[in-house]
>>> print(open('entry-v3.cif').read())   # mmCIF, N, CA and C atoms
data_model
#
loop_
_atom_site.label_atom_id
_atom_site.label_comp_id
_atom_site.auth_asym_id
_atom_site.auth_seq_id
_atom_site.Cartn_x
_atom_site.Cartn_y
_atom_site.Cartn_z
N MET G 1 -8.46 16.26 -14.86
CA MET G 1 -7.53 15.64 -13.91
C MET G 1 -7.72 14.13 -13.92
N SER G 2 -6.66 13.39 -14.14
CA SER G 2 -6.80 11.94 -14.12
C SER G 2 -6.79 11.47 -12.67
N SER G 3 -7.50 10.37 -12.43
CA SER G 3 -7.58 9.91 -11.05
C SER G 3 -6.27 9.23 -10.66
N LYS G 4 -5.94 9.34 -9.39
CA LYS G 4 -4.72 8.74 -8.87
C LYS G 4 -4.86 7.22 -8.83
N LYS G 5 -3.76 6.53 -9.10
CA LYS G 5 -3.77 5.07 -9.07
C LYS G 5 -3.28 4.58 -7.71
N ILE G 6 -4.05 3.66 -7.14
CA ILE G 6 -3.66 3.08 -5.86
C ILE G 6 -3.56 1.58 -6.01
N LEU G 7 -2.40 1.04 -5.68
CA LEU G 7 -2.19 -0.41 -5.71
C LEU G 7 -2.43 -0.96 -4.32
N ILE G 8 -3.39 -1.88 -4.22
CA ILE G 8 -3.73 -2.51 -2.94
C ILE G 8 -3.09 -3.89 -2.93
N VAL G 9 -2.22 -4.13 -1.95
CA VAL G 9 -1.50 -5.40 -1.89
C VAL G 9 -1.81 -6.09 -0.57
N ASP G 10 -2.63 -7.14 -0.63
CA ASP G 10 -3.00 -7.88 0.58
C ASP G 10 -3.51 -9.25 0.17
N ASP G 11 -3.21 -10.26 0.98
CA ASP G 11 -3.67 -11.61 0.65
C ASP G 11 -4.98 -11.95 1.36
N GLU G 12 -5.56 -10.99 2.05
CA GLU G 12 -6.81 -11.19 2.78
C GLU G 12 -7.98 -10.61 1.96
N PRO G 13 -8.82 -11.49 1.36
CA PRO G 13 -9.88 -11.03 0.45
C PRO G 13 -10.81 -9.96 1.03
N ASN G 14 -11.20 -10.08 2.29
CA ASN G 14 -12.12 -9.09 2.88
C ASN G 14 -11.49 -7.71 2.96
N ILE G 15 -10.20 -7.67 3.28
CA ILE G 15 -9.51 -6.38 3.36
C ILE G 15 -9.40 -5.78 1.96
N VAL G 16 -9.05 -6.60 0.99
CA VAL G 16 -8.95 -6.13 -0.39
C VAL G 16 -10.28 -5.55 -0.85
N LEU G 17 -11.38 -6.25 -0.57
CA LEU G 17 -12.71 -5.77 -0.97
C LEU G 17 -13.04 -4.43 -0.34
N SER G 18 -12.78 -4.30 0.97
CA SER G 18 -13.15 -3.05 1.63
C SER G 18 -12.25 -1.90 1.16
N LEU G 19 -10.96 -2.16 0.96
CA LEU G 19 -10.06 -1.11 0.48
C LEU G 19 -10.43 -0.70 -0.94
N ASP G 20 -10.74 -1.68 -1.78
CA ASP G 20 -11.13 -1.41 -3.16
C ASP G 20 -12.35 -0.48 -3.16
N TYR G 21 -13.34 -0.81 -2.34
CA TYR G 21 -14.56 0.00 -2.24
C TYR G 21 -14.25 1.42 -1.76
N LEU G 22 -13.45 1.51 -0.71
CA LEU G 22 -13.12 2.82 -0.13
C LEU G 22 -12.43 3.74 -1.12
N VAL G 23 -11.41 3.23 -1.81
CA VAL G 23 -10.65 4.10 -2.72
C VAL G 23 -11.47 4.46 -3.97
N ARG G 24 -12.30 3.53 -4.44
CA ARG G 24 -13.19 3.84 -5.57
C ARG G 24 -14.16 4.95 -5.20
N LYS G 25 -14.72 4.85 -4.00
CA LYS G 25 -15.69 5.82 -3.52
C LYS G 25 -15.10 7.23 -3.50
N LYS G 26 -13.78 7.30 -3.23
CA LYS G 26 -13.09 8.59 -3.18
C LYS G 26 -12.60 9.04 -4.56
N GLY G 27 -12.86 8.23 -5.59
CA GLY G 27 -12.48 8.62 -6.94
C GLY G 27 -11.10 8.18 -7.39
N TYR G 28 -10.45 7.32 -6.60
CA TYR G 28 -9.15 6.80 -7.01
C TYR G 28 -9.34 5.55 -7.88
N GLU G 29 -8.30 5.20 -8.62
CA GLU G 29 -8.35 4.01 -9.47
C GLU G 29 -7.55 2.89 -8.80
N PRO G 30 -8.26 1.87 -8.27
CA PRO G 30 -7.55 0.80 -7.56
C PRO G 30 -7.05 -0.33 -8.47
N PHE G 31 -5.93 -0.91 -8.09
CA PHE G 31 -5.40 -2.13 -8.70
C PHE G 31 -5.15 -3.09 -7.56
N ILE G 32 -5.38 -4.37 -7.80
CA ILE G 32 -5.29 -5.35 -6.72
C ILE G 32 -4.15 -6.34 -6.98
N ALA G 33 -3.34 -6.56 -5.95
CA ALA G 33 -2.33 -7.62 -6.01
C ALA G 33 -2.51 -8.46 -4.74
N ARG G 34 -2.47 -9.78 -4.90
CA ARG G 34 -2.71 -10.65 -3.74
C ARG G 34 -1.42 -11.19 -3.12
N ASN G 35 -0.29 -10.81 -3.72
CA ASN G 35 1.00 -11.20 -3.14
C ASN G 35 2.09 -10.25 -3.65
N GLY G 36 3.27 -10.39 -3.10
CA GLY G 36 4.36 -9.48 -3.44
C GLY G 36 4.79 -9.53 -4.89
N GLY G 37 4.85 -10.72 -5.46
CA GLY G 37 5.26 -10.87 -6.86
C GLY G 37 4.30 -10.16 -7.79
N GLU G 38 3.00 -10.36 -7.54
CA GLU G 38 1.97 -9.68 -8.33
C GLU G 38 2.10 -8.17 -8.18
N ALA G 39 2.36 -7.74 -6.95
CA ALA G 39 2.47 -6.30 -6.67
C ALA G 39 3.56 -5.66 -7.53
N ILE G 40 4.71 -6.31 -7.61
CA ILE G 40 5.83 -5.77 -8.38
C ILE G 40 5.46 -5.69 -9.86
N SER G 41 4.86 -6.78 -10.42
CA SER G 41 4.56 -6.73 -11.86
C SER G 41 3.47 -5.72 -12.17
N ILE G 42 2.44 -5.59 -11.31
CA ILE G 42 1.39 -4.59 -11.56
C ILE G 42 1.98 -3.18 -11.44
N ALA G 43 2.84 -2.97 -10.44
CA ALA G 43 3.45 -1.65 -10.25
C ALA G 43 4.24 -1.24 -11.50
N LYS G 44 4.95 -2.21 -12.11
CA LYS G 44 5.75 -1.91 -13.29
C LYS G 44 4.90 -1.61 -14.52
N GLU G 45 3.64 -2.10 -14.52
CA GLU G 45 2.73 -1.82 -15.63
C GLU G 45 1.95 -0.53 -15.41
N GLN G 46 1.53 -0.29 -14.17
CA GLN G 46 0.58 0.79 -13.89
C GLN G 46 1.19 2.05 -13.29
N PHE G 47 2.38 1.96 -12.73
CA PHE G 47 3.02 3.10 -12.05
C PHE G 47 2.07 3.79 -11.06
N PRO G 48 1.72 3.08 -9.98
CA PRO G 48 0.76 3.64 -9.02
C PRO G 48 1.32 4.88 -8.31
N ASP G 49 0.40 5.76 -7.91
CA ASP G 49 0.78 6.95 -7.14
C ASP G 49 0.99 6.57 -5.68
N LEU G 50 0.26 5.52 -5.25
CA LEU G 50 0.32 5.11 -3.85
C LEU G 50 0.13 3.60 -3.77
N VAL G 51 0.81 2.98 -2.81
CA VAL G 51 0.69 1.54 -2.61
C VAL G 51 0.28 1.29 -1.16
N ILE G 52 -0.82 0.56 -0.98
CA ILE G 52 -1.23 0.12 0.36
C ILE G 52 -0.71 -1.30 0.46
N LEU G 53 0.18 -1.53 1.40
CA LEU G 53 0.98 -2.76 1.39
C LEU G 53 0.91 -3.53 2.69
N ASP G 54 0.50 -4.79 2.60
CA ASP G 54 0.53 -5.68 3.75
C ASP G 54 1.97 -6.18 3.89
N ILE G 55 2.34 -6.61 5.09
CA ILE G 55 3.71 -7.11 5.27
C ILE G 55 3.77 -8.63 5.15
N MET G 56 2.88 -9.33 5.86
CA MET G 56 2.94 -10.79 5.86
C MET G 56 2.15 -11.35 4.68
N MET G 57 2.90 -11.81 3.66
CA MET G 57 2.28 -12.39 2.47
C MET G 57 3.01 -13.66 2.08
N PRO G 58 2.34 -14.52 1.29
CA PRO G 58 2.89 -15.84 0.97
C PRO G 58 4.25 -15.87 0.28
N ASP G 59 4.51 -15.00 -0.69
CA ASP G 59 5.78 -15.11 -1.41
C ASP G 59 6.81 -14.06 -0.96
N ILE G 60 6.70 -12.88 -1.52
CA ILE G 60 7.64 -11.80 -1.15
C ILE G 60 6.95 -10.95 -0.10
N ASP G 61 7.60 -10.72 1.04
CA ASP G 61 6.91 -9.94 2.08
C ASP G 61 6.90 -8.46 1.74
N GLY G 62 6.08 -7.72 2.47
CA GLY G 62 5.89 -6.30 2.19
C GLY G 62 7.16 -5.48 2.30
N TYR G 63 8.02 -5.85 3.27
CA TYR G 63 9.27 -5.11 3.42
C TYR G 63 10.10 -5.19 2.14
N GLU G 64 10.15 -6.39 1.58
CA GLU G 64 10.94 -6.62 0.35
C GLU G 64 10.30 -5.88 -0.83
N VAL G 65 8.97 -5.92 -0.92
CA VAL G 65 8.26 -5.20 -1.99
C VAL G 65 8.58 -3.71 -1.89
N CYS G 66 8.52 -3.18 -0.68
CA CYS G 66 8.80 -1.76 -0.45
C CYS G 66 10.20 -1.43 -0.93
N LYS G 67 11.16 -2.27 -0.57
CA LYS G 67 12.55 -2.04 -0.96
C LYS G 67 12.71 -2.06 -2.48
N LEU G 68 12.07 -3.03 -3.13
CA LEU G 68 12.15 -3.14 -4.59
C LEU G 68 11.54 -1.92 -5.27
N LEU G 69 10.40 -1.44 -4.75
CA LEU G 69 9.77 -0.26 -5.34
C LEU G 69 10.64 0.97 -5.16
N LYS G 70 11.19 1.14 -3.95
CA LYS G 70 11.99 2.33 -3.66
C LYS G 70 13.32 2.33 -4.41
N ASN G 71 13.77 1.14 -4.85
CA ASN G 71 15.03 1.05 -5.59
C ASN G 71 14.83 1.10 -7.10
N ASP G 72 13.57 1.25 -7.54
CA ASP G 72 13.28 1.29 -8.97
C ASP G 72 13.04 2.75 -9.36
N ALA G 73 13.86 3.25 -10.27
CA ALA G 73 13.80 4.67 -10.64
C ALA G 73 12.41 5.11 -11.11
N GLN G 74 11.68 4.21 -11.76
CA GLN G 74 10.35 4.56 -12.28
C GLN G 74 9.26 4.47 -11.22
N LEU G 75 9.54 3.77 -10.12
CA LEU G 75 8.51 3.53 -9.11
C LEU G 75 8.79 4.21 -7.77
N MET G 76 9.98 4.75 -7.63
CA MET G 76 10.39 5.29 -6.32
C MET G 76 9.53 6.45 -5.85
N HIS G 77 8.82 7.12 -6.80
CA HIS G 77 7.96 8.24 -6.42
C HIS G 77 6.69 7.79 -5.68
N ALA G 78 6.31 6.52 -5.84
CA ALA G 78 5.05 6.03 -5.26
C ALA G 78 5.09 6.14 -3.73
N LYS G 79 4.01 6.66 -3.17
CA LYS G 79 3.88 6.72 -1.71
C LYS G 79 3.53 5.32 -1.23
N ILE G 80 4.04 4.93 -0.07
CA ILE G 80 3.76 3.59 0.45
C ILE G 80 3.18 3.68 1.85
N ILE G 81 2.04 3.02 2.02
CA ILE G 81 1.43 2.90 3.35
C ILE G 81 1.46 1.43 3.72
N PHE G 82 2.17 1.09 4.78
CA PHE G 82 2.10 -0.27 5.29
C PHE G 82 0.82 -0.40 6.09
N LEU G 83 0.08 -1.48 5.85
CA LEU G 83 -1.14 -1.78 6.59
C LEU G 83 -0.96 -3.20 7.07
N SER G 84 -0.62 -3.35 8.34
CA SER G 84 -0.20 -4.67 8.81
C SER G 84 -0.68 -4.99 10.21
N ALA G 85 -0.80 -6.29 10.49
CA ALA G 85 -1.13 -6.74 11.84
C ALA G 85 0.11 -6.67 12.74
N LYS G 86 1.27 -6.50 12.13
CA LYS G 86 2.51 -6.40 12.91
C LYS G 86 2.55 -5.01 13.56
N SER G 87 2.30 -4.98 14.85
CA SER G 87 2.13 -3.68 15.51
C SER G 87 3.23 -3.33 16.51
N ARG G 88 4.24 -4.20 16.61
CA ARG G 88 5.33 -3.88 17.55
C ARG G 88 6.09 -2.67 17.04
N GLN G 89 6.61 -1.89 17.95
CA GLN G 89 7.33 -0.67 17.58
C GLN G 89 8.46 -0.95 16.59
N GLU G 90 9.17 -2.07 16.79
CA GLU G 90 10.29 -2.37 15.88
C GLU G 90 9.80 -2.69 14.46
N ASP G 91 8.58 -3.28 14.34
CA ASP G 91 8.02 -3.55 13.01
C ASP G 91 7.69 -2.24 12.31
N VAL G 92 7.06 -1.34 13.07
CA VAL G 92 6.69 -0.03 12.53
C VAL G 92 7.95 0.72 12.09
N GLN G 93 8.96 0.71 12.95
CA GLN G 93 10.21 1.40 12.65
C GLN G 93 10.88 0.82 11.41
N LYS G 94 10.89 -0.52 11.32
CA LYS G 94 11.49 -1.17 10.15
C LYS G 94 10.77 -0.74 8.88
N GLY G 95 9.44 -0.68 8.93
CA GLY G 95 8.66 -0.26 7.77
C GLY G 95 9.01 1.15 7.33
N LEU G 96 9.11 2.05 8.31
CA LEU G 96 9.44 3.44 8.00
C LEU G 96 10.89 3.55 7.50
N ASP G 97 11.77 2.75 8.09
CA ASP G 97 13.18 2.75 7.66
C ASP G 97 13.31 2.25 6.22
N MET G 98 12.41 1.34 5.81
CA MET G 98 12.46 0.80 4.44
C MET G 98 11.99 1.82 3.41
N GLY G 99 11.44 2.93 3.90
CA GLY G 99 11.02 3.98 2.97
C GLY G 99 9.52 4.21 2.91
N ALA G 100 8.75 3.54 3.77
CA ALA G 100 7.29 3.75 3.77
C ALA G 100 6.98 5.16 4.24
N ASP G 101 5.89 5.72 3.72
CA ASP G 101 5.47 7.06 4.09
C ASP G 101 4.56 7.05 5.32
N ALA G 102 3.93 5.89 5.55
CA ALA G 102 3.05 5.76 6.71
C ALA G 102 2.93 4.29 7.08
N TYR G 103 2.55 4.03 8.33
CA TYR G 103 2.41 2.66 8.81
C TYR G 103 1.17 2.62 9.69
N LEU G 104 0.16 1.89 9.25
CA LEU G 104 -1.06 1.74 10.04
C LEU G 104 -1.22 0.27 10.42
N THR G 105 -1.70 0.04 11.63
CA THR G 105 -1.84 -1.34 12.08
C THR G 105 -3.28 -1.83 11.95
N LYS G 106 -3.41 -3.13 11.70
CA LYS G 106 -4.73 -3.77 11.63
C LYS G 106 -5.11 -4.20 13.05
N PRO G 107 -6.38 -4.15 13.44
CA PRO G 107 -7.47 -3.58 12.66
C PRO G 107 -7.29 -2.08 12.52
N PHE G 108 -7.69 -1.53 11.38
CA PHE G 108 -7.41 -0.12 11.11
C PHE G 108 -8.70 0.68 11.00
N SER G 109 -8.58 1.95 11.22
CA SER G 109 -9.71 2.87 11.06
C SER G 109 -9.75 3.29 9.60
N THR G 110 -10.87 3.03 8.92
CA THR G 110 -10.97 3.40 7.51
C THR G 110 -10.90 4.92 7.36
N LYS G 111 -11.45 5.61 8.33
CA LYS G 111 -11.42 7.08 8.29
C LYS G 111 -9.97 7.56 8.35
N ARG G 112 -9.19 6.98 9.24
CA ARG G 112 -7.77 7.35 9.38
C ARG G 112 -7.00 7.01 8.10
N LEU G 113 -7.26 5.83 7.56
CA LEU G 113 -6.57 5.41 6.33
C LEU G 113 -6.85 6.40 5.20
N MET G 114 -8.11 6.75 5.02
CA MET G 114 -8.47 7.67 3.94
C MET G 114 -7.85 9.06 4.18
N GLN G 115 -7.73 9.43 5.44
CA GLN G 115 -7.10 10.71 5.79
C GLN G 115 -5.63 10.69 5.37
N VAL G 116 -4.93 9.59 5.71
CA VAL G 116 -3.51 9.45 5.35
C VAL G 116 -3.34 9.43 3.83
N ILE G 117 -4.21 8.69 3.13
CA ILE G 117 -4.13 8.65 1.67
C ILE G 117 -4.30 10.06 1.10
N GLY G 118 -5.29 10.78 1.62
CA GLY G 118 -5.53 12.15 1.16
C GLY G 118 -4.33 13.05 1.37
N GLU G 119 -3.70 12.91 2.54
CA GLU G 119 -2.51 13.73 2.84
C GLU G 119 -1.36 13.39 1.90
N LEU G 120 -1.13 12.10 1.68
CA LEU G 120 0.00 11.69 0.85
C LEU G 120 -0.20 12.03 -0.63
N LEU G 121 -1.45 12.05 -1.08
CA LEU G 121 -1.70 12.30 -2.50
C LEU G 121 -2.05 13.74 -2.82
N SER G 122 -2.09 14.58 -1.80
CA SER G 122 -2.43 15.98 -2.08
C SER G 122 -1.25 16.64 -2.78
N GLU G 123 -1.53 17.28 -3.89
CA GLU G 123 -0.45 17.88 -4.68
C GLU G 123 0.08 19.12 -4.00
#
>>> encode(input="entry-v3.cif", output="C-alpha cells")
Amino acid sequence: MSSKKILIVDDEPNIVLSLDYLVRKKGYEPFIARNGGEAISIAKEQFPDLVILDIMMPDIDGYEVCKLLKNDAQLMHAKIIFLSAKSRQEDVQKGLDMGADAYLTKPFSTKRLMQVIGELLSE
C-alpha cells in the first residue's frame, strides 16, 4: 500500500513543522507549500489525497486555492481541510461552501486534526 500524500499549505513555519511531523508520524507523505501559488503547482505535480489549507496567505488565499483545486478534473478528488484562525461562522460556512471537507480553527487540537484526516482518508 502506498502512503497517502498530504499537501500542507501554510505560511506559518511553526505550524508547517508541527503538521509535517504529525503526518509523517502517521505514515503519510507530506508536501509543503508556503503560499497559494506554490500549493497549486505542487498539487499539479503530486496529486495529493488531502490538502491542509490555511486561508490567510500572502498571494492566493485559501478560498481561491480550494476553488482552483475543486475545478481541476485531476485534483477535484483531493480532500480539503481548512485550518484557519478565521473562526466566525460565516468564514466556516464559506469554506464548506467552497467545497472543503472539514474546517478546523486555530489554535487547533492535533488529536482532532489527525482524527479528521483519518476519517477523510479511510478507504
>>> closest_residue(input="entry-v3.cif", among="G:Leu50, G:Leu113, G:Val16, G:Met98", to="G:Lys70", atoms="all atoms listed in the file")
G:Met98
>>> resolve_selection(input="entry-v3.cif", expression="the PyMOL selection byres ((chain G and resi 85) around 6.5)", output="list in words")
Ile55, Leu83, Ser84, Lys86, Ser87, Arg88, Thr105, Lys106 and Pro107 of chain G
>>> residues_around(input="entry-v3.cif", residues="stretch 3-8 of chain G", least_positions_apart="2", cutoff="8 Å", atoms="only C-alpha atoms", output="ChimeraX atom specification")
/G:1,10,16,19-20,23,27-33,39,43,46-53,121
>>> closest_residue(input="entry-v3.cif", among="G:Leu104, G:Asn35, G:Ser122, G:Arg24", to="G:Asp91", atoms="only C-alpha atoms")
G:Leu104
>>> atom_distance(input="entry-v3.cif", atom1="atom N of G:Asp54", atom2="atom N of G:Arg34")
9.5 Å
>>> atom_distance(input="entry-v3.cif", atom1="atom N of G:Tyr63", atom2="atom C of G:Gly99")
10.2 Å
>>> select_by_dssp(input="entry-v3.cif", residues="chain G", states="helix (DSSP H, G or I)", output="PyMOL selection string")
chain G and resi 13-25+36-46+62-70+89-97+110-121
>>> decode(input="entry-v3.cif", residues="stretch 29-90 of chain G", atoms="C-alpha atoms", output="compact mmCIF listing (two decimals), in the first residue's frame")
# COMPACT_ATOMS: atom_id res chain seq x y z
CA GLU G 29 3.81 11.55 2.80
CA PRO G 30 3.80 15.33 3.37
CA PHE G 31 4.46 18.08 0.83
CA ILE G 32 4.87 21.68 1.92
CA ALA G 33 3.63 24.85 0.24
CA ARG G 34 4.11 28.24 1.88
CA ASN G 35 1.58 30.12 -0.24
CA GLY G 36 -1.33 29.56 -2.59
CA GLY G 37 0.68 29.70 -5.81
CA GLU G 38 3.10 27.07 -4.55
CA ALA G 39 0.16 24.95 -3.39
CA ILE G 40 -1.37 24.87 -6.87
CA SER G 41 1.89 23.94 -8.63
CA ILE G 42 2.77 21.21 -6.08
CA ALA G 43 -0.79 19.83 -6.27
CA LYS G 44 -0.48 19.57 -10.07
CA GLU G 45 2.79 17.63 -9.72
CA GLN G 46 1.95 15.39 -6.77
CA PHE G 47 -1.84 14.88 -6.88
CA PRO G 48 -2.31 14.90 -3.09
CA ASP G 49 -5.01 12.78 -1.45
CA LEU G 50 -5.64 15.52 1.10
CA VAL G 51 -4.81 19.21 1.45
CA ILE G 52 -4.50 21.01 4.80
CA LEU G 53 -5.12 24.59 3.80
CA ASP G 54 -4.69 27.91 5.58
CA ILE G 55 -6.95 30.74 4.41
CA MET G 56 -4.95 33.91 5.04
CA MET G 57 -1.82 33.74 2.88
CA PRO G 58 0.32 36.33 1.08
CA ASP G 59 -0.63 35.67 -2.56
CA ILE G 60 -3.64 33.49 -3.35
CA ASP G 61 -5.88 32.93 -0.34
CA GLY G 62 -7.07 29.50 0.75
CA TYR G 63 -10.60 30.02 -0.55
CA GLU G 64 -9.24 30.63 -4.04
CA VAL G 65 -6.85 27.65 -3.81
CA CYS G 66 -9.77 25.45 -2.76
CA LYS G 67 -11.85 26.66 -5.71
CA LEU G 68 -9.00 26.06 -8.17
CA LEU G 69 -8.42 22.53 -6.86
CA LYS G 70 -12.12 21.65 -6.92
CA ASN G 71 -12.42 22.94 -10.50
CA ASP G 72 -9.49 20.86 -11.75
CA ALA G 73 -10.57 17.44 -13.03
CA GLN G 74 -7.31 15.82 -11.90
CA LEU G 75 -7.35 17.38 -8.42
CA MET G 76 -11.04 17.55 -7.52
CA HIS G 77 -10.82 14.19 -5.69
CA ALA G 78 -8.45 15.65 -3.05
CA LYS G 79 -10.00 16.08 0.38
CA ILE G 80 -9.58 19.60 1.77
CA ILE G 81 -9.32 20.61 5.41
CA PHE G 82 -9.27 24.32 6.10
CA LEU G 83 -7.11 25.12 9.11
CA SER G 84 -7.54 28.79 9.85
CA ALA G 85 -7.60 31.48 12.51
CA LYS G 86 -10.78 32.74 10.85
CA SER G 87 -13.33 31.29 13.24
CA ARG G 88 -16.50 33.27 12.53
CA GLN G 89 -19.43 31.13 11.47
CA GLU G 90 -19.61 32.86 8.08
